>>> print(open('input.tsv').read())   # TSV, C-alpha atoms
chain	number	residue	atom	x	y	z
L	1	MET	CA	0.00	0.00	0.00
L	2	THR	CA	1.35	3.40	-0.88
L	3	HIS	CA	1.65	6.16	1.70
L	4	VAL	CA	-1.09	8.10	-0.07
L	5	ALA	CA	-3.44	5.13	0.08
L	6	ALA	CA	-2.63	4.50	3.74
L	7	ALA	CA	-3.33	8.14	4.55
L	8	ARG	CA	-6.73	7.79	2.87
L	9	VAL	CA	-7.55	4.61	4.82
L	10	PHE	CA	-6.58	5.98	8.24
L	11	GLY	CA	-7.92	9.49	7.68
L	12	VAL	CA	-4.63	11.26	8.21
L	13	THR	CA	-2.22	13.24	6.02
L	14	ARG	CA	0.53	11.65	3.94
L	15	HIS	CA	3.12	13.42	6.08
L	16	THR	CA	1.77	11.61	9.16
L	17	VAL	CA	2.14	8.25	7.42
L	18	ASP	CA	5.68	9.21	6.44
L	19	ALA	CA	6.47	9.92	10.10
L	20	TRP	CA	5.00	6.56	11.17
L	21	VAL	CA	7.18	4.70	8.69
L	22	LYS	CA	10.32	6.55	9.81
L	23	LYS	CA	9.58	5.75	13.46
L	24	ARG	CA	9.10	2.05	12.71
L	25	ARG	CA	12.32	1.84	10.72
L	26	LYS	CA	14.23	3.57	13.49
L	27	GLY	CA	12.79	1.97	16.62
L	28	GLY	CA	10.54	-0.86	15.61
L	29	ALA	CA	6.80	-1.33	15.86
L	30	LYS	CA	6.78	-0.50	19.61
L	31	THR	CA	7.41	3.16	18.78
L	32	LEU	CA	3.93	3.34	17.24
L	33	CYS	CA	2.13	2.32	20.45
L	34	ALA	CA	-0.28	5.00	21.72
L	35	ARG	CA	0.85	6.89	24.82
L	36	ARG	CA	-1.07	8.91	27.41
L	37	ARG	CA	-1.26	12.57	26.44
L	38	GLY	CA	-1.29	15.71	28.59
L	39	ARG	CA	0.22	16.35	32.00
L	40	PRO	CA	1.51	13.21	33.80
L	41	PRO	CA	-0.96	12.00	36.47
L	42	GLY	CA	-0.17	12.65	40.12
L	43	GLN	CA	2.05	15.30	41.72
L	44	ARG	CA	5.79	15.33	41.27
L	45	LEU	CA	6.43	16.34	44.88
L	46	ASP	CA	5.65	13.86	47.64
L	47	TYR	CA	3.99	14.84	50.93
L	48	LYS	CA	7.19	15.54	52.89
L	49	GLN	CA	8.62	17.61	50.05
L	50	ARG	CA	5.45	19.69	49.77
L	51	GLN	CA	5.39	20.32	53.52
L	52	ARG	CA	8.99	21.51	53.48
L	53	VAL	CA	8.30	23.96	50.66
L	54	ILE	CA	5.20	25.29	52.48
L	55	ARG	CA	7.19	25.81	55.71
L	56	THR	CA	9.86	27.63	53.74
L	57	ILE	CA	7.35	30.05	52.19
L	58	LEU	CA	5.61	30.74	55.50
L	59	GLY	CA	8.71	30.94	57.68
L	60	ARG	CA	11.33	32.70	55.58
L	61	TYR	CA	11.81	35.49	53.05
L	62	PRO	CA	13.34	34.87	49.60
L	63	GLU	CA	16.27	37.10	50.54
L	64	GLN	CA	17.11	34.80	53.45
L	65	LEU	CA	17.64	32.02	50.92
L	66	ARG	CA	19.73	34.35	48.76
L	67	LEU	CA	17.19	34.41	45.98
L	68	PRO	CA	17.37	37.46	43.65
L	69	CYS	CA	13.95	38.79	44.74
L	70	CYS	CA	12.04	39.92	47.81
L	71	LEU	CA	8.60	38.45	46.99
L	72	TRP	CA	7.39	34.86	46.85
L	73	THR	CA	6.49	34.60	43.16
L	74	ARG	CA	5.85	31.39	41.22
L	75	ALA	CA	9.36	31.63	39.76
L	76	ALA	CA	10.88	32.00	43.25
L	77	VAL	CA	8.98	28.99	44.60
L	78	GLY	CA	10.02	26.99	41.53
L	79	GLU	CA	13.66	27.89	42.19
L	80	VAL	CA	13.34	26.69	45.79
L	81	VAL	CA	11.92	23.35	44.59
L	82	GLU	CA	14.75	22.95	42.09
L	83	ARG	CA	17.34	23.87	44.73
L	84	PHE	CA	15.93	21.45	47.33
L	85	TYR	CA	15.05	18.46	45.15
L	86	GLY	CA	16.49	19.04	41.68
L	87	ILE	CA	12.99	19.06	40.17
L	88	LYS	CA	12.36	21.75	37.56
L	89	LEU	CA	8.72	22.88	37.44
L	90	SER	CA	7.02	25.31	35.08
L	91	VAL	CA	5.45	28.46	36.57
L	92	TRP	CA	2.01	27.04	35.71
L	93	THR	CA	2.70	23.86	37.66
L	94	VAL	CA	3.98	25.91	40.60
L	95	GLY	CA	0.82	28.02	40.40
L	96	ARG	CA	-1.33	24.88	40.63
L	97	TYR	CA	0.67	23.71	43.64
L	98	LEU	CA	0.24	27.07	45.39
L	99	ALA	CA	-3.51	27.07	44.72
L	100	ASP	CA	-3.81	23.54	46.13
L	101	TRP	CA	-1.88	24.61	49.24
L	102	GLY	CA	-4.20	27.58	49.85
L	103	PHE	CA	-1.83	30.34	48.72
L	104	THR	CA	-3.19	33.34	46.79
L	105	PRO	CA	-1.37	36.39	45.32
L	106	GLN	CA	-1.70	39.31	47.75
L	107	LYS	CA	-0.24	42.74	48.34
L	108	PRO	CA	2.23	42.20	51.21
L	109	LEU	CA	2.52	44.33	54.32
L	110	ARG	CA	5.76	46.22	54.68
L	111	ARG	CA	7.76	45.35	57.80
L	112	ALA	CA	10.96	47.12	58.80
L	113	TYR	CA	14.20	45.18	59.20
L	114	GLU	CA	14.73	47.04	62.48
L	115	GLN	CA	11.62	45.57	64.09
L	116	ASN	CA	12.37	43.44	67.14
L	117	PRO	CA	10.26	40.24	67.04
L	118	GLU	CA	10.83	39.63	70.75
L	119	ALA	CA	9.48	43.09	71.61
L	120	VAL	CA	6.42	42.45	69.44
L	121	TYR	CA	5.88	39.11	71.16
L	122	ARG	CA	6.08	40.74	74.62
L	123	TRP	CA	3.65	43.44	73.54
L	124	LEU	CA	1.07	40.94	72.30
L	125	LYS	CA	1.42	38.42	75.12
L	126	ASP	CA	2.22	40.54	78.17
L	127	GLU	CA	2.26	44.32	77.81
L	128	TYR	CA	-1.04	45.02	76.04
L	129	PRO	CA	-3.03	42.48	78.10
L	130	ALA	CA	-1.67	44.19	81.23
L	131	ILE	CA	-2.74	47.61	79.90
L	132	ARG	CA	-6.20	46.24	79.13
L	133	ARG	CA	-6.60	44.77	82.62
L	134	ALA	CA	-5.42	48.01	84.27
L	135	ALA	CA	-7.87	50.04	82.16
L	136	ARG	CA	-10.76	47.83	83.22
L	137	ARG	CA	-9.86	48.19	86.89
L	138	VAL	CA	-10.03	51.98	86.78
L	139	GLY	CA	-12.75	52.25	84.12
L	140	ALA	CA	-10.43	53.86	81.57
L	141	GLU	CA	-11.02	54.07	77.84
L	142	ILE	CA	-8.22	52.82	75.55
L	143	HIS	CA	-7.45	55.10	72.61
L	144	TRP	CA	-5.08	54.31	69.75
L	145	ILE	CA	-3.35	57.41	68.38
L	146	ASP	CA	-1.46	58.04	65.16
L	147	GLN	CA	-0.46	60.85	62.77
L	148	MET	CA	-0.34	60.95	58.99
L	149	GLY	CA	0.66	63.43	56.29
L	150	LEU	CA	-1.28	63.81	53.02
L	151	ARG	CA	0.18	65.26	49.82
L	152	SER	CA	-1.53	66.34	46.64
L	153	ASP	CA	0.78	64.19	44.46
L	154	TYR	CA	-0.16	60.92	46.17
L	155	GLN	CA	-1.51	58.30	43.73
L	156	ALA	CA	-3.68	55.36	44.74
L	157	GLY	CA	-6.12	53.04	43.01
L	158	ARG	CA	-6.40	51.92	39.39
L	159	SER	CA	-8.37	53.07	36.35
L	160	TYR	CA	-9.50	51.03	33.34
L	161	GLY	CA	-8.03	51.84	29.95
L	162	LEU	CA	-7.25	50.24	26.61
L	163	LYS	CA	-4.49	47.65	26.66
L	164	GLY	CA	-1.15	49.35	26.08
L	165	VAL	CA	-2.59	52.84	26.59
L	166	THR	CA	-2.00	54.20	30.11
L	167	PRO	CA	-5.00	56.20	31.38
L	168	VAL	CA	-4.36	59.88	32.13
L	169	ILE	CA	-5.94	61.46	35.22
L	170	PRO	CA	-6.02	65.29	35.27
L	171	GLY	CA	-4.77	66.95	38.44
L	172	THR	CA	-3.06	70.06	39.70
L	173	GLY	CA	0.68	70.48	39.25
L	174	GLN	CA	0.93	72.31	42.58
L	175	ARG	CA	2.21	70.52	45.65
L	176	PHE	CA	0.39	71.04	48.90
L	177	GLY	CA	-0.68	68.94	51.83
L	178	CYS	CA	-2.00	68.71	55.35
L	179	SER	CA	-1.62	66.40	58.32
L	180	LEU	CA	-4.02	64.34	60.35
L	181	MET	CA	-3.93	63.18	63.97
L	182	SER	CA	-6.64	60.80	65.13
L	183	SER	CA	-7.58	58.34	67.84
L	184	ILE	CA	-9.98	55.40	67.77
L	185	THR	CA	-11.37	52.87	70.24
L	186	ASN	CA	-12.65	49.35	69.71
L	187	LEU	CA	-16.10	50.63	70.71
L	188	GLY	CA	-16.24	52.71	67.53
L	189	SER	CA	-15.26	56.14	68.84
L	190	LEU	CA	-13.21	58.37	66.50
L	191	ARG	CA	-11.65	61.75	67.25
L	192	PHE	CA	-9.35	63.71	64.99
L	193	MET	CA	-7.48	66.94	64.33
L	194	VAL	CA	-6.54	68.20	60.84
L	195	TYR	CA	-3.67	70.70	60.80
L	196	ARG	CA	-1.09	72.30	58.52
L	197	LYS	CA	1.42	73.24	61.20
L	198	LYS	CA	4.61	71.41	62.09
L	199	PHE	CA	3.96	68.49	64.41
L	200	ASN	CA	5.51	69.26	67.79
L	201	GLY	CA	4.96	68.76	71.50
L	202	LYS	CA	2.59	71.71	71.82
L	203	LEU	CA	0.30	70.36	69.09
L	204	PHE	CA	0.32	66.85	70.54
L	205	ILE	CA	-0.51	68.16	74.00
L	206	GLU	CA	-3.40	70.13	72.52
L	207	PHE	CA	-4.78	66.93	71.01
L	208	LEU	CA	-4.41	65.06	74.32
L	209	ARG	CA	-6.08	67.97	76.14
L	210	ARG	CA	-9.07	67.80	73.78
L	211	LEU	CA	-9.21	64.05	74.24
L	212	THR	CA	-9.39	64.26	78.03
L	213	ARG	CA	-11.97	67.04	77.77
L	214	ASP	CA	-14.29	65.01	75.52
L	215	VAL	CA	-13.91	61.66	77.29
L	216	HIS	CA	-15.48	61.84	80.73
L	217	ARG	CA	-13.35	59.12	82.27
L	218	PRO	CA	-9.64	58.22	82.44
L	219	VAL	CA	-7.89	57.73	79.09
L	220	TYR	CA	-5.23	55.14	78.36
L	221	ALA	CA	-3.62	56.30	75.10
L	222	ILE	CA	-1.37	54.08	72.96
L	223	ALA	CA	0.94	55.55	70.31
L	224	ASP	CA	4.22	54.84	68.55
L	225	GLN	CA	7.58	56.02	69.87
L	226	HIS	CA	7.76	59.20	67.80
L	227	LYS	CA	10.29	61.67	69.21
L	228	VAL	CA	7.48	64.16	69.92
L	229	HIS	CA	5.52	61.55	71.90
L	230	THR	CA	8.55	60.86	74.10
L	231	SER	CA	9.71	64.48	74.44
L	232	ALA	CA	10.33	66.02	77.86
L	233	LYS	CA	7.58	68.60	77.27
L	234	VAL	CA	4.97	65.90	76.72
L	235	GLU	CA	6.24	63.87	79.68
L	236	ASP	CA	5.93	66.90	81.97
L	237	TRP	CA	2.36	67.52	80.85
L	238	LEU	CA	1.45	63.85	81.34
L	239	ARG	CA	2.82	63.90	84.90
L	240	GLN	CA	0.62	66.90	85.69
L	241	HIS	CA	-2.45	65.10	84.33
L	242	ALA	CA	-1.69	61.55	85.49
L	243	GLN	CA	-5.19	61.13	86.91
L	244	GLN	CA	-6.77	61.91	83.55
L	245	ILE	CA	-4.52	60.26	81.01
L	246	ARG	CA	-1.66	57.79	80.65
L	247	LEU	CA	0.42	57.24	77.53
L	248	PHE	CA	1.82	53.85	76.47
L	249	PHE	CA	4.12	53.06	73.56
L	250	LEU	CA	4.05	50.38	70.88
L	251	PRO	CA	7.24	48.49	69.99
L	252	THR	CA	9.45	50.42	67.58
L	253	TYR	CA	8.99	49.94	63.82
L	254	SER	CA	5.64	48.19	64.33
L	255	PRO	CA	2.93	50.33	62.67
L	256	GLU	CA	0.94	47.22	61.75
L	257	LEU	CA	0.07	46.80	65.46
L	258	ASN	CA	-1.79	50.13	65.59
L	259	PRO	CA	-5.47	49.97	64.51
L	260	ASP	CA	-5.41	53.72	63.78
L	261	GLU	CA	-3.18	52.95	60.78
L	262	MET	CA	-6.28	51.49	59.12
L	263	VAL	CA	-8.00	54.86	59.42
L	264	ASN	CA	-5.02	56.58	57.81
L	265	ASN	CA	-4.94	54.21	54.84
L	266	ASP	CA	-8.71	54.42	54.38
L	267	VAL	CA	-8.81	58.22	54.40
L	268	LYS	CA	-5.78	58.55	52.13
L	269	SER	CA	-7.30	56.20	49.53
L	270	GLU	CA	-10.69	57.95	49.60
L	271	VAL	CA	-9.50	61.56	49.62
L	272	LEU	CA	-6.50	61.28	47.28
L	273	GLY	CA	-7.01	57.96	45.53
L	274	ARG	CA	-10.50	58.62	44.12
L	275	ASN	CA	-10.46	62.41	44.09
L	276	ARG	CA	-8.11	65.21	43.09
L	277	PRO	CA	-8.30	68.25	45.42
L	278	ARG	CA	-7.40	71.47	43.58
L	279	ASN	CA	-5.87	73.31	46.53
L	280	ALA	CA	-4.97	72.94	50.20
L	281	LYS	CA	-8.30	74.32	51.40
L	282	GLU	CA	-10.23	71.73	49.41
L	283	LEU	CA	-7.91	68.96	50.64
L	284	VAL	CA	-8.53	69.88	54.29
L	285	ARG	CA	-12.27	70.06	53.69
L	286	LYS	CA	-12.35	66.61	52.07
L	287	VAL	CA	-10.28	65.06	54.87
L	288	ARG	CA	-12.59	66.48	57.52
L	289	SER	CA	-15.68	65.37	55.61
L	290	SER	CA	-14.33	61.84	55.27
L	291	LEU	CA	-13.56	61.59	58.99
L	292	GLN	CA	-16.84	63.14	60.08
L	293	SER	CA	-18.74	60.53	58.08
L	294	ARG	CA	-16.86	57.80	59.96
L	295	GLN	CA	-17.55	59.45	63.31
L	296	LYS	CA	-21.26	59.03	62.66
L	297	ARG	CA	-20.84	55.29	62.00
L	298	PRO	CA	-19.24	53.55	65.01
L	299	SER	CA	-19.85	50.16	63.40
L	300	TYR	CA	-17.61	51.24	60.52
L	301	VAL	CA	-14.82	52.18	62.93
L	302	ARG	CA	-15.15	48.86	64.77
L	303	LYS	CA	-14.45	47.04	61.50
L	304	TYR	CA	-10.89	48.37	61.52
L	305	PHE	CA	-10.22	46.09	64.48
L	306	LYS	CA	-11.12	43.00	62.44
L	307	GLU	CA	-7.90	43.31	60.44
L	308	ARG	CA	-5.71	40.31	61.27
L	309	THR	CA	-2.70	42.28	62.56
L	310	VAL	CA	-4.78	44.37	65.01
L	311	SER	CA	-7.53	41.92	65.94
L	312	TYR	CA	-5.79	41.45	69.32
L	313	ALA	CA	-7.06	44.93	70.28
L	314	ALA	CA	-10.72	44.22	69.44
L	315	ALA	CA	-11.60	42.87	72.90
>>> encode(input="input.tsv", output="structure tokens")
Amino acid sequence: MTHVAAARVFGVTRHTVDAWVKKRRKGGAKTLCARRRGRPPGQRLDYKQRQRVIRTILGRYPEQLRLPCCLWTRAAVGEVVERFYGIKLSVWTVGRYLADWGFTPQKPLRRAYEQNPEAVYRWLKDEYPAIRRAARRVGAEIHWIDQMGLRSDYQAGRSYGLKGVTPVIPGTGQRFGCSLMSSITNLGSLRFMVYRKKFNGKLFIEFLRRLTRDVHRPVYAIADQHKVHTSAKVEDWLRQHAQQIRLFFLPTYSPELNPDEMVNNDVKSEVLGRNRPRNAKELVRKVRSSLQSRQKRPSYVRKYFKERTVSYAAA
């Protein structure tokens, strides 16, 4: 039978028949046996290997393994697998593994190298629980305090556009800004001060004075270790008003432990991410409006304490 006739009988092209004949001449009839197509069944990593890779992702950073990146990408995980076991996986296979293990792509939190894990552990296990117990004994209200600066050139959020054509958002070329100081409680209370002055001890004391005036019981305030918060001027004022307010400090380089950071991020995204104030006066007005709307919704403020890193402060 000619190759053309065979192609007609089997419903294939003549070139396919030519390839069959070449295979048989080279390797015998066994080379024509049908084989399973597609991805090989089963996983290429056994249970112990998978567990080791998972522990590596959860317990270490890529830089600690001297990988040329700082994020756990599919390529980075694939390089770890190849380094540990000599198995080379495609990024798609690594992606399937990660999905099976419960990993999803997320925007990571930024954590400073200078943070002391032992200090964070003491804060979560000993120091804050002691503050909470002391506040309950005297009937004090715990307030979380933080400051934030806002600038007109801040960019947040995304906008749809044609593929390959970056969207253009009109905005002022002028640079201006303002600052925000706020405090929140896990009961949903929010107090704030918007200012354009330089942050110093006098301004911080004014905020604390307003706080003690509005809250008709002792205040236990928690803030970071900013140099203004620990200044001699603030310490002197606190000693004179020890019956009204006490100030406690978070571990250094640990902003993720402060629930008030959630307020800052929320306001910044709403005021500057979705809008474009034309001048400083409009910026201040929008910041105040955003915060006033949250003041009227205590349930909204309480949701900030549901974030995983600050959920310890919800009780």
>>> closest_residue(input="input.tsv", among="L:Arg55, L:Arg14, L:His229, L:Lys125", to="Gly201 in chain L", atoms="all atoms listed in the file")
L:His229
>>> atom_distance(input="input.tsv", atom1="CA of Val284 in chain L", atom2="CA of Leu180 in chain L")
9.4 Å
>>> closest_residue(input="input.tsv", among="L:Ser254, L:Thr104, L:Thr13, L:Ser152", to="Cys178 in chain L", atoms="all atoms listed in the file")
L:Ser152
>>> closest_residue(input="input.tsv", among="L:Ala221, L:Val271, L:Leu150, L:Val263", to="Val301 in chain L", atoms="only C-alpha atoms")
L:Val263
>>> atom_distance(input="input.tsv", atom1="CA of Thr252 in chain L", atom2="CA of Pro117 in chain L")
10.2 Å
>>> residues_around(input="input.tsv", residues="Phe305 in chain L", least_positions_apart="3", cutoff="9 Å", atoms="all atoms listed in the file", output="JSON, numbers by chain")
{"L": [185, 186, 259, 262, 301, 302, 308, 309, 310, 311, 312, 313, 314]}
>>> write_last_selection(input="input.tsv", atoms="C-alpha atoms", output="PDB file, in the coordinates of the input")
ATOM      1  CA  THR L 185     -11.370  52.870  70.240  1.00  0.00           C
ATOM      2  CA  ASN L 186     -12.650  49.350  69.710  1.00  0.00           C
ATOM      3  CA  PRO L 259      -5.470  49.970  64.510  1.00  0.00           C
ATOM      4  CA  MET L 262      -6.280  51.490  59.120  1.00  0.00           C
ATOM      5  CA  VAL L 301     -14.820  52.180  62.930  1.00  0.00           C
ATOM      6  CA  ARG L 302     -15.150  48.860  64.770  1.00  0.00           C
ATOM      7  CA  ARG L 308      -5.710  40.310  61.270  1.00  0.00           C
ATOM      8  CA  THR L 309      -2.700  42.280  62.560  1.00  0.00           C
ATOM      9  CA  VAL L 310      -4.780  44.370  65.010  1.00  0.00           C
ATOM     10  CA  SER L 311      -7.530  41.920  65.940  1.00  0.00           C
ATOM     11  CA  TYR L 312      -5.790  41.450  69.320  1.00  0.00           C
ATOM     12  CA  ALA L 313      -7.060  44.930  70.280  1.00  0.00           C
ATOM     13  CA  ALA L 314     -10.720  44.220  69.440  1.00  0.00           C
TER      14      ALA L 314
END
>>> atom_distance(input="input.tsv", atom1="CA of Met193 in chain L", atom2="CA of Phe207 in chain L")
7.2 Å
>>> residues_around(input="input.tsv", residues="Trp123 in chain L", least_positions_apart="3", cutoff="12 Å", atoms="only C-alpha atoms", output="PDB file with C-alpha atoms, keeping the file's coordinate frame")
ATOM      1  CA  ASN L 116      12.370  43.440  67.140  1.00  0.00           C
ATOM      2  CA  PRO L 117      10.260  40.240  67.040  1.00  0.00           C
ATOM      3  CA  GLU L 118      10.830  39.630  70.750  1.00  0.00           C
ATOM      4  CA  ALA L 119       9.480  43.090  71.610  1.00  0.00           C
ATOM      5  CA  VAL L 120       6.420  42.450  69.440  1.00  0.00           C
ATOM      6  CA  ASP L 126       2.220  40.540  78.170  1.00  0.00           C
ATOM      7  CA  GLU L 127       2.260  44.320  77.810  1.00  0.00           C
ATOM      8  CA  TYR L 128      -1.040  45.020  76.040  1.00  0.00           C
ATOM      9  CA  PRO L 129      -3.030  42.480  78.100  1.00  0.00           C
ATOM     10  CA  ALA L 130      -1.670  44.190  81.230  1.00  0.00           C
ATOM     11  CA  ILE L 131      -2.740  47.610  79.900  1.00  0.00           C
ATOM     12  CA  ARG L 132      -6.200  46.240  79.130  1.00  0.00           C
ATOM     13  CA  ILE L 222      -1.370  54.080  72.960  1.00  0.00           C
ATOM     14  CA  PHE L 248       1.820  53.850  76.470  1.00  0.00           C
ATOM     15  CA  PHE L 249       4.120  53.060  73.560  1.00  0.00           C
ATOM     16  CA  LEU L 250       4.050  50.380  70.880  1.00  0.00           C
ATOM     17  CA  PRO L 251       7.240  48.490  69.990  1.00  0.00           C
ATOM     18  CA  THR L 252       9.450  50.420  67.580  1.00  0.00           C
ATOM     19  CA  SER L 254       5.640  48.190  64.330  1.00  0.00           C
ATOM     20  CA  LEU L 257       0.070  46.800  65.460  1.00  0.00           C
ATOM     21  CA  ASN L 258      -1.790  50.130  65.590  1.00  0.00           C
ATOM     22  CA  TYR L 312      -5.790  41.450  69.320  1.00  0.00           C
ATOM     23  CA  ALA L 313      -7.060  44.930  70.280  1.00  0.00           C
TER      24      ALA L 313
END
>>> closest_residue(input="input.tsv", among="L:Pro62, L:Gly139, L:Gly86, L:Pro105", to="Val219 in chain L", atoms="all atoms listed in the file")
L:Gly139
>>> residues_around(input="input.tsv", residues="Asp46 in chain L", least_positions_apart="6", cutoff="12 Å", atoms="all atoms listed in the file", output="short mmCIF file (atom, residue, chain, number, x, y, z; two decimals) with C-alpha atoms, keeping the file's coordinate frame")
data_model
loop_
_atom_site.label_atom_id
_atom_site.label_comp_id
_atom_site.auth_asym_id
_atom_site.auth_seq_id
_atom_site.Cartn_x
_atom_site.Cartn_y
_atom_site.Cartn_z
CA ARG L 52 8.99 21.51 53.48
CA VAL L 53 8.30 23.96 50.66
CA VAL L 81 11.92 23.35 44.59
CA TYR L 85 15.05 18.46 45.15
CA ILE L 87 12.99 19.06 40.17
CA TYR L 97 0.67 23.71 43.64
#
>>> residues_around(input="input.tsv", residues="Arg246 in chain L", least_positions_apart="2", cutoff="12 Å", atoms="all atoms listed in the file", output="mmCIF file with C-alpha atoms, in the frame of the given file")
data_model
loop_
_atom_site.group_PDB
_atom_site.id
_atom_site.type_symbol
_atom_site.label_atom_id
_atom_site.label_comp_id
_atom_site.auth_asym_id
_atom_site.auth_seq_id
_atom_site.Cartn_x
_atom_site.Cartn_y
_atom_site.Cartn_z
ATOM 1 C CA ILE L 131 -2.740 47.610 79.900
ATOM 2 C CA ALA L 134 -5.420 48.010 84.270
ATOM 3 C CA ALA L 135 -7.870 50.040 82.160
ATOM 4 C CA VAL L 138 -10.030 51.980 86.780
ATOM 5 C CA ALA L 140 -10.430 53.860 81.570
ATOM 6 C CA GLU L 141 -11.020 54.070 77.840
ATOM 7 C CA ILE L 142 -8.220 52.820 75.550
ATOM 8 C CA HIS L 143 -7.450 55.100 72.610
ATOM 9 C CA TRP L 144 -5.080 54.310 69.750
ATOM 10 C CA LEU L 208 -4.410 65.060 74.320
ATOM 11 C CA ARG L 209 -6.080 67.970 76.140
ATOM 12 C CA LEU L 211 -9.210 64.050 74.240
ATOM 13 C CA THR L 212 -9.390 64.260 78.030
ATOM 14 C CA ARG L 217 -13.350 59.120 82.270
ATOM 15 C CA PRO L 218 -9.640 58.220 82.440
ATOM 16 C CA VAL L 219 -7.890 57.730 79.090
ATOM 17 C CA TYR L 220 -5.230 55.140 78.360
ATOM 18 C CA ALA L 221 -3.620 56.300 75.100
ATOM 19 C CA ILE L 222 -1.370 54.080 72.960
ATOM 20 C CA ALA L 223 0.940 55.550 70.310
ATOM 21 C CA HIS L 229 5.520 61.550 71.900
ATOM 22 C CA VAL L 234 4.970 65.900 76.720
ATOM 23 C CA GLU L 235 6.240 63.870 79.680
ATOM 24 C CA ASP L 236 5.930 66.900 81.970
ATOM 25 C CA TRP L 237 2.360 67.520 80.850
ATOM 26 C CA LEU L 238 1.450 63.850 81.340
ATOM 27 C CA ARG L 239 2.820 63.900 84.900
ATOM 28 C CA GLN L 240 0.620 66.900 85.690
ATOM 29 C CA HIS L 241 -2.450 65.100 84.330
ATOM 30 C CA ALA L 242 -1.690 61.550 85.490
ATOM 31 C CA GLN L 243 -5.190 61.130 86.910
ATOM 32 C CA GLN L 244 -6.770 61.910 83.550
ATOM 33 C CA PHE L 248 1.820 53.850 76.470
ATOM 34 C CA PHE L 249 4.120 53.060 73.560
#
>>> closest_residue(input="input.tsv", among="L:Phe176, L:Pro255, L:Pro68, L:Arg83", to="Gln147 in chain L", atoms="all atoms listed in the file")
L:Pro255
>>> residues_around(input="input.tsv", residues="range 19-35 of chain L", least_positions_apart="5", cutoff="12 Å", atoms="only C-alpha atoms", output="list in words")
Thr2, His3, Ala6, Ala7, Phe10, Val12, Thr13, Arg14 and Pro40 of chain L
>>> closest_residue(input="input.tsv", among="L:Glu79, L:Asp153, L:Glu206, L:Asp260", to="Ala280 in chain L", atoms="all atoms listed in the file")
L:Asp153
>>> residues_near_point(input="input.tsv", point="(-0.3, 73.3, 45.7)", cutoff="8 Å", atoms="all atoms listed in the file", output="number ranges by chain")
L: 152, 172-177, 278-280
